[in-house]
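K.L.:
Supplied structure: entry.txt, compact mmCIF, C-alpha atoms (C1' of nucleotides).
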```
# COMPACT_ATOMS: atom_id res chain seq x y z
CA MET A 1 56.87 171.97 118.55
CA PRO A 2 53.99 169.72 117.65
CA ARG A 3 50.62 171.10 118.70
CA PHE A 4 48.14 168.25 118.54
CA THR A 5 44.58 168.53 117.44
CA HIS A 6 41.94 166.59 119.32
CA PRO A 7 38.55 165.97 117.76
CA ARG A 8 35.29 166.62 119.50
CA LEU A 9 33.91 163.24 120.41
CA GLU A 10 30.63 163.87 118.60
CA ASP A 11 32.66 164.17 115.41
CA VAL A 12 34.21 160.73 115.84
CA PRO A 13 32.39 158.06 113.85
CA LEU A 14 31.99 154.61 115.36
CA ASP A 15 33.98 153.04 112.55
CA LEU A 16 36.99 155.15 113.34
CA ALA A 17 36.82 154.28 117.01
CA LEU A 18 36.52 150.56 116.29
CA HIS A 19 39.32 150.71 113.78
CA ALA A 20 41.56 152.37 116.33
CA LEU A 21 40.83 149.61 118.84
CA ALA A 22 41.14 146.81 116.29
CA ASP A 23 44.89 146.59 116.56
CA PRO A 24 46.68 144.60 119.26
CA ASN A 25 49.34 147.20 119.85
CA ARG A 26 46.96 150.13 120.02
CA LEU A 27 44.58 148.22 122.25
CA ALA A 28 47.43 147.33 124.58
CA MET A 29 48.30 151.01 124.82
CA VAL A 30 44.72 151.95 125.56
CA ALA A 31 44.58 149.29 128.26
CA ARG A 32 47.76 150.60 129.75
CA LEU A 33 46.44 154.15 129.75
CA ALA A 34 43.21 152.92 131.29
CA ALA A 35 45.26 151.59 134.18
CA THR A 36 47.93 154.22 134.49
CA GLU A 37 46.40 157.68 134.03
CA ARG A 38 49.27 159.52 132.28
CA LEU A 39 52.05 158.06 130.16
CA SER A 40 54.71 159.36 127.83
CA CYS A 41 54.72 157.87 124.35
CA SER A 42 57.53 155.48 125.05
CA ASP A 43 56.01 154.47 128.38
CA ALA A 44 52.72 153.79 126.63
CA ALA A 45 54.46 151.53 124.13
CA PRO A 46 53.21 147.94 124.10
CA CYS A 47 56.73 146.54 123.83
CA GLU A 48 60.35 147.55 123.46
CA THR A 49 60.71 146.43 119.89
CA ILE A 50 58.15 148.69 118.26
CA PRO A 51 59.82 151.44 116.21
CA LYS A 52 59.36 155.03 117.29
CA SER A 53 57.74 156.08 114.04
CA THR A 54 55.22 153.27 114.24
CA LEU A 55 54.45 154.14 117.82
CA SER A 56 53.97 157.78 116.89
CA ASN A 57 51.61 156.79 114.14
CA HIS A 58 49.55 154.56 116.43
CA LEU A 59 49.18 157.38 118.90
CA LYS A 60 48.11 159.73 116.14
CA LEU A 61 45.35 157.28 115.23
CA LEU A 62 44.24 156.98 118.84
CA ARG A 63 44.08 160.77 119.02
CA ALA A 64 42.01 160.95 115.85
CA ALA A 65 39.64 158.39 117.31
CA GLY A 66 39.09 160.58 120.36
CA LEU A 67 40.60 157.96 122.62
CA ILE A 68 43.57 159.88 123.94
CA GLU A 69 44.69 163.42 124.60
CA THR A 70 48.32 164.39 124.20
CA THR A 71 50.02 167.41 125.69
CA GLN A 72 53.63 168.39 125.61
CA VAL A 73 55.47 168.58 128.90
CA GLY A 74 59.11 169.44 128.47
CA ARG A 75 60.38 167.18 125.77
CA GLU A 76 57.85 164.48 126.52
CA MET A 77 54.39 164.06 125.09
CA ILE A 78 52.05 163.04 127.88
CA ASN A 79 49.08 160.91 126.93
CA THR A 80 45.87 160.39 128.84
CA LEU A 81 42.75 158.43 128.06
CA ARG A 82 39.70 160.56 127.30
CA ARG A 83 37.71 158.01 129.21
CA ALA A 84 34.71 160.03 130.37
CA GLU A 85 34.19 161.71 127.01
CA PHE A 86 34.62 158.49 125.09
CA ASP A 87 32.25 156.64 127.39
CA GLN A 88 29.66 159.33 126.97
CA ARG A 89 29.98 159.20 123.19
CA PHE A 90 30.02 155.38 122.95
CA PRO A 91 28.41 154.02 126.13
CA GLY A 92 29.67 150.61 127.15
CA LEU A 93 31.95 150.20 124.17
CA LEU A 94 35.34 150.67 125.75
CA ASP A 95 34.33 148.63 128.77
CA ALA A 96 33.24 145.76 126.55
CA VAL A 97 36.41 145.88 124.50
CA LEU A 98 38.73 146.08 127.49
CA ALA A 99 36.86 143.33 129.29
CA ASN A 100 37.38 141.02 126.32
CA ARG A 101 41.00 141.83 125.82
CA PRO A 102 43.34 138.83 125.99
CA ALA A 103 45.64 138.71 128.98
CA MET B 104 30.39 124.72 94.74
CA PRO B 105 31.92 126.78 97.49
CA ARG B 106 32.07 125.00 100.81
CA PHE B 107 32.72 127.62 103.46
CA THR B 108 34.91 127.17 106.48
CA HIS B 109 33.76 128.63 109.76
CA PRO B 110 36.22 129.14 112.59
CA ARG B 111 35.64 127.99 116.12
CA LEU B 112 34.91 131.10 118.12
CA GLU B 113 37.66 130.40 120.59
CA ASP B 114 40.10 130.67 117.69
CA VAL B 115 38.91 134.16 116.76
CA PRO B 116 41.11 136.89 118.23
CA LEU B 117 39.49 140.08 119.47
CA ASP B 118 41.39 142.14 116.94
CA LEU B 119 39.90 140.25 114.06
CA ALA B 120 36.40 140.63 115.43
CA LEU B 121 36.85 144.37 115.94
CA HIS B 122 38.36 144.77 112.53
CA ALA B 123 35.40 143.03 110.96
CA LEU B 124 33.02 145.37 112.75
CA ALA B 125 35.08 148.48 112.02
CA ASP B 126 33.62 149.02 108.59
CA PRO B 127 30.33 150.79 107.94
CA ASN B 128 29.17 148.37 105.27
CA ARG B 129 30.02 145.26 107.23
CA LEU B 130 28.48 146.66 110.38
CA ALA B 131 25.32 147.49 108.49
CA MET B 132 25.16 143.90 107.29
CA VAL B 133 25.66 142.57 110.79
CA ALA B 134 22.91 144.86 112.06
CA ARG B 135 20.62 143.66 109.35
CA LEU B 136 21.35 140.04 110.17
CA ALA B 137 20.80 140.77 113.84
CA ALA B 138 17.30 141.91 112.93
CA THR B 139 16.43 139.49 110.17
CA GLU B 140 17.65 136.01 111.08
CA ARG B 141 18.58 134.66 107.62
CA LEU B 142 19.57 136.61 104.52
CA SER B 143 21.05 135.82 101.16
CA CYS B 144 24.20 137.72 100.26
CA SER B 145 22.44 140.25 98.10
CA ASP B 146 19.69 140.72 100.68
CA ALA B 147 22.30 141.31 103.33
CA ALA B 148 23.95 144.01 101.22
CA PRO B 149 24.04 147.44 102.83
CA CYS B 150 23.06 149.15 99.58
CA GLU B 151 22.35 148.50 95.93
CA THR B 152 25.52 150.11 94.65
CA ILE B 153 28.06 147.87 96.30
CA PRO B 154 29.73 145.54 93.76
CA LYS B 155 29.18 141.83 94.10
CA SER B 156 32.85 141.05 94.49
CA THR B 157 33.22 143.59 97.27
CA LEU B 158 30.16 142.22 98.99
CA SER B 159 31.50 138.71 98.72
CA ASN B 160 34.76 139.82 100.25
CA HIS B 161 33.03 141.54 103.16
CA LEU B 162 31.06 138.41 103.89
CA LYS B 163 34.22 136.35 103.80
CA LEU B 164 35.70 138.63 106.43
CA LEU B 165 32.63 138.37 108.61
CA ARG B 166 32.84 134.60 108.37
CA ALA B 167 36.50 134.63 109.35
CA ALA B 168 35.62 136.77 112.35
CA GLY B 169 33.12 134.19 113.52
CA LEU B 170 30.26 136.62 113.09
CA ILE B 171 28.27 134.82 110.45
CA GLU B 172 27.62 131.35 109.15
CA THR B 173 26.96 130.74 105.48
CA THR B 174 25.30 127.72 103.98
CA GLN B 175 24.33 127.05 100.44
CA VAL B 176 20.67 126.60 99.69
CA GLY B 177 20.01 126.09 96.06
CA ARG B 178 21.89 128.78 94.26
CA GLU B 179 21.75 131.15 97.18
CA MET B 180 24.17 131.48 100.06
CA ILE B 181 22.18 131.95 103.23
CA ASN B 182 23.83 133.91 106.02
CA THR B 183 22.97 133.92 109.68
CA LEU B 184 24.51 135.69 112.62
CA ARG B 185 26.37 133.41 115.02
CA ARG B 186 24.94 135.52 117.79
CA ALA B 187 24.96 133.11 120.74
CA GLU B 188 28.44 131.82 120.02
CA PHE B 189 29.83 135.28 119.42
CA ASP B 190 28.24 136.62 122.58
CA GLN B 191 29.68 133.79 124.58
CA ARG B 192 33.12 134.40 123.16
CA PHE B 193 32.99 138.20 123.53
CA PRO B 194 30.37 139.02 126.16
CA GLY B 195 28.71 142.37 125.70
CA LEU B 196 30.79 143.35 122.68
CA LEU B 197 28.28 143.01 119.89
CA ASP B 198 25.55 144.57 122.01
CA ALA B 199 27.74 147.57 122.71
CA VAL B 200 28.71 147.98 119.08
CA LEU B 201 25.19 147.63 117.75
CA ALA B 202 23.81 149.97 120.40
CA ASN B 203 26.26 152.65 119.30
CA ARG B 204 25.68 152.24 115.62
CA PRO B 205 24.52 155.38 113.83
CA ALA B 206 20.97 155.36 112.59
C1' DT C 207 76.92 179.54 126.45
C1' DT C 208 77.34 175.53 123.58
C1' DC C 209 76.92 170.71 122.65
C1' DA C 210 75.16 166.39 122.82
C1' DA C 211 71.54 163.35 124.16
C1' DA C 212 66.56 162.45 124.65
C1' DA C 213 61.74 162.28 122.99
C1' DG C 214 59.04 162.40 119.29
C1' DT C 215 57.42 163.93 114.63
C1' DT C 216 57.59 163.89 109.69
C1' DC C 217 58.72 162.07 105.28
C1' DA C 218 59.14 158.67 101.81
C1' DA C 219 59.46 154.07 100.07
C1' DG C 220 58.27 149.37 100.19
C1' DA C 221 54.82 146.00 102.11
C1' DA C 222 50.35 144.66 103.04
C1' DT C 223 45.19 145.29 102.37
C1' DG C 224 41.14 146.68 100.20
C1' DT C 225 38.21 147.49 96.03
C1' DC C 226 36.03 146.06 92.03
C1' DG C 227 35.54 144.69 86.95
C1' DA C 228 35.76 140.49 84.33
C1' DA C 229 35.64 135.79 83.90
C1' DC C 230 34.06 131.59 85.99
C1' DT C 231 30.95 127.92 88.56
C1' DA C 232 26.86 125.93 90.08
C1' DT C 233 21.92 125.80 90.30
C1' DT C 234 17.30 126.54 88.65
C1' DA C 235 13.67 127.57 85.28
C1' DA C 236 12.02 127.50 80.71
C1' DT D 237 19.79 122.29 76.52
C1' DT D 238 19.90 127.03 77.29
C1' DA D 239 19.67 131.13 79.59
C1' DA D 240 19.40 133.50 83.79
C1' DT D 241 20.58 133.86 88.67
C1' DA D 242 23.65 134.07 92.71
C1' DG D 243 27.92 134.24 94.07
C1' DT D 244 33.03 133.21 93.98
C1' DT D 245 37.66 133.91 92.32
C1' DC D 246 41.32 136.32 90.03
C1' DG D 247 44.12 140.08 88.99
C1' DA D 248 45.11 144.90 88.70
C1' DC D 249 44.84 149.23 90.66
C1' DA D 250 44.32 152.08 94.94
C1' DT D 251 44.61 152.90 99.64
C1' DT D 252 46.70 152.15 104.04
C1' DC D 253 50.38 150.47 107.11
C1' DT D 254 55.14 150.02 108.62
C1' DT D 255 59.51 151.72 109.42
C1' DG D 256 64.27 153.71 108.65
C1' DA D 257 66.30 158.19 108.16
C1' DA D 258 66.38 162.89 108.83
C1' DC D 259 64.58 166.72 111.51
C1' DT D 260 62.84 169.70 115.72
C1' DT D 261 62.64 170.89 120.36
C1' DT D 262 64.01 170.54 125.07
C1' DT D 263 67.14 169.52 128.75
C1' DG D 264 71.45 168.51 131.15
C1' DA D 265 76.44 168.94 131.27
C1' DA D 266 80.84 170.82 130.44
```
The structure in this file should be written as structure tokens.
P.N.:
Amino acid sequence: MPRFTHPRLEDVPLDLALHALADPNRLAMVARLAATERLSCSDAAPCETIPKSTLSNHLKLLRAAGLIETTQVGREMINTLRRAEFDQRFPGLLDAVLANRPA
Amino acid sequence: MPRFTHPRLEDVPLDLALHALADPNRLAMVARLAATERLSCSDAAPCETIPKSTLSNHLKLLRAAGLIETTQVGREMINTLRRAEFDQRFPGLLDAVLANRPA
DNA sequence: TTCAAAAGTTCAAGAATGTCGAACTATTAA
DNA sequence: TTAATAGTTCGACATTCTTGAACTTTTGAA
């Protein structure tokens, strides 16, 4: 069973956070999580066509950037946005990015 | 003589802008331009050790992201931040990024 | 129980990007 | 005219990204 590691937010460099957000698919997932609270990996997916392995990799990057937390529930991996922690680490950043996201 | 092309800001996607900022060297250059108004390429460089070709490539990316404008003056290429235009296109984004930049 | 399907992860290979030395161009100063 | 300066461009190597295939764990059914 995969046991995920989540970084402390103070260990996340700005570059890594920006890089994680600088991808349309990942940003779409973050936006979805910002609106939906808890989502399985496949429910967080930005579209149907994205391969599972790619999706898994994107989520791994978002974890490494301190943006999401993943816990196993049954056979699903449940993802949530680490909103409060991220906002404390990078004040105003996620708000600005989400506000400028294309519809 | 190189004649640079600068995109209209409305043609710059958010992803490209974030990607341009998601690099420590490029972000350092943007921060420097935010503080200094006009800088030649070598003056905009984040450090002495960065190769010229790499520097040139970084600046090309910043141009493509609508972040800087480059004009030739003599044998120098003078760079300026397209601050007002960028801020209008992505309100609050650059402020948030710069505010969270490590010292 | 046992078996198959579901939900993801991991691995590896090919594709796409990034880095940087070397050669090149244009401009200025001597 | 020549040499130096300031960058760009090119090409090769390195790193990163994408994705199919195989694997692991959990659950639901027979």
K.L.:
Identify, on the basis of only C-alpha atoms (C1' of nucleotides), every residue whose closest approach to Leu33 in chain A does not exceed 12 Å; exclude the query and any residue fewer than 3 positions from it along the same chain; express the result as a ChimeraX atom specification.
P.N.:
/A:26-30,36-41,43-46,59,62,67-70,78-83,98
K.L.:
Identify, on the basis of only C-alpha atoms (C1' of nucleotides), every residue whose closest approach to DA232 in chain C does not exceed 12 Å; exclude the query and any residue fewer than 4 positions from it along the same chain; express the result as an mmCIF file with C-alpha atoms (C1' of nucleotides), keeping the file's coordinate frame.
P.N.:
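So the final result, stored in selection_0.cif, reads:
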```cif
data_model
loop_
_atom_site.group_PDB
_atom_site.id
_atom_site.type_symbol
_atom_site.label_atom_id
_atom_site.label_comp_id
_atom_site.auth_asym_id
_atom_site.auth_seq_id
_atom_site.Cartn_x
_atom_site.Cartn_y
_atom_site.Cartn_z
ATOM 1 C CA MET B 104 30.390 124.720 94.740
ATOM 2 C CA PRO B 105 31.920 126.780 97.490
ATOM 3 C CA ARG B 106 32.070 125.000 100.810
ATOM 4 C CA GLN B 175 24.330 127.050 100.440
ATOM 5 C CA VAL B 176 20.670 126.600 99.690
ATOM 6 C CA GLY B 177 20.010 126.090 96.060
ATOM 7 C CA ARG B 178 21.890 128.780 94.260
ATOM 8 C CA GLU B 179 21.750 131.150 97.180
ATOM 9 C CA MET B 180 24.170 131.480 100.060
ATOM 10 C "C1'" DT D 241 20.580 133.860 88.670
ATOM 11 C "C1'" DA D 242 23.650 134.070 92.710
ATOM 12 C "C1'" DG D 243 27.920 134.240 94.070
ATOM 13 C "C1'" DT D 244 33.030 133.210 93.980
#
```
K.L.:
Residues within 8 Å of range 219-231 of chain C, please, as a list in words. Count all atoms listed in the file; anything in the same chain fewer than 4 positions from it doesn't count.
P.N.:
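Surrounding residues, per the criterion: Met104, Pro154, Ser156 and Thr157 of chain B; DT244, DT245, DA250, DT251, DT252, DC253 and DT254 of chain D.
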K.L.:
If the cut-off is 9 Å, can you tell me the residues of chain D near chain A, counting all atoms listed in the file? I'd like them as a list in words.
P.N.:
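Output check: DT254, DT255, DG256, DT260, DT261, DT262 and DT263 of chain D.
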K.L.:
Would you mind reading off the distance between CA of Arg111 in chain B and CA of Gly169 in chain B, one decimal, in Å?
P.N.:
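Taking CA of Arg111 in chain B as the start and CA of Gly169 in chain B as the end point, the length is 7.2 Å.
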K.L.:
CA of Leu93 in chain A and CA of Pro116 in chain B, how far apart in Å?
P.N.:
17.2 Å
K.L.:
Do you know which residues are at most 12 Å from DT208 in chain C counting only C-alpha atoms (C1' of nucleotides), after dropping those on the same chain fewer than 3 positions away, and could you put them as a VMD selection string?
P.N.:
chain D and resid 264 to 266
K.L.:
Measuring between all atoms listed in the file, which one of A:Ala34, A:Ala65, A:Leu55, A:Ala22 shows the shortest distance to chain B?
P.N.:
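The closest residue to chain B is A:Ala22.
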K.L.:
Quick one: of A:Ala84, A:Ala64, A:Ala35, A:Leu16, who's nearest to chain B, counting all atoms listed in the file?
P.N.:
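Ranking A:Ala84, A:Ala64, A:Ala35, A:Leu16 by distance to chain B, first place goes to A:Leu16.
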K.L.:
Got a sec to pull out which chain A residues are within 7 Å of chain B, counting only C-alpha atoms, and send them as a PyMOL selection string?
P.N.:
chain A and resi 14-15+18-19+22-24+90+92-93+96-97+100-101
K.L.:
One number please: C1' of DT233 in chain C to C1' of DA239 in chain D, in Å, one decimal.
P.N.:
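Separating C1' of DT233 in chain C from C1' of DA239 in chain D is a distance of 12.2 Å.
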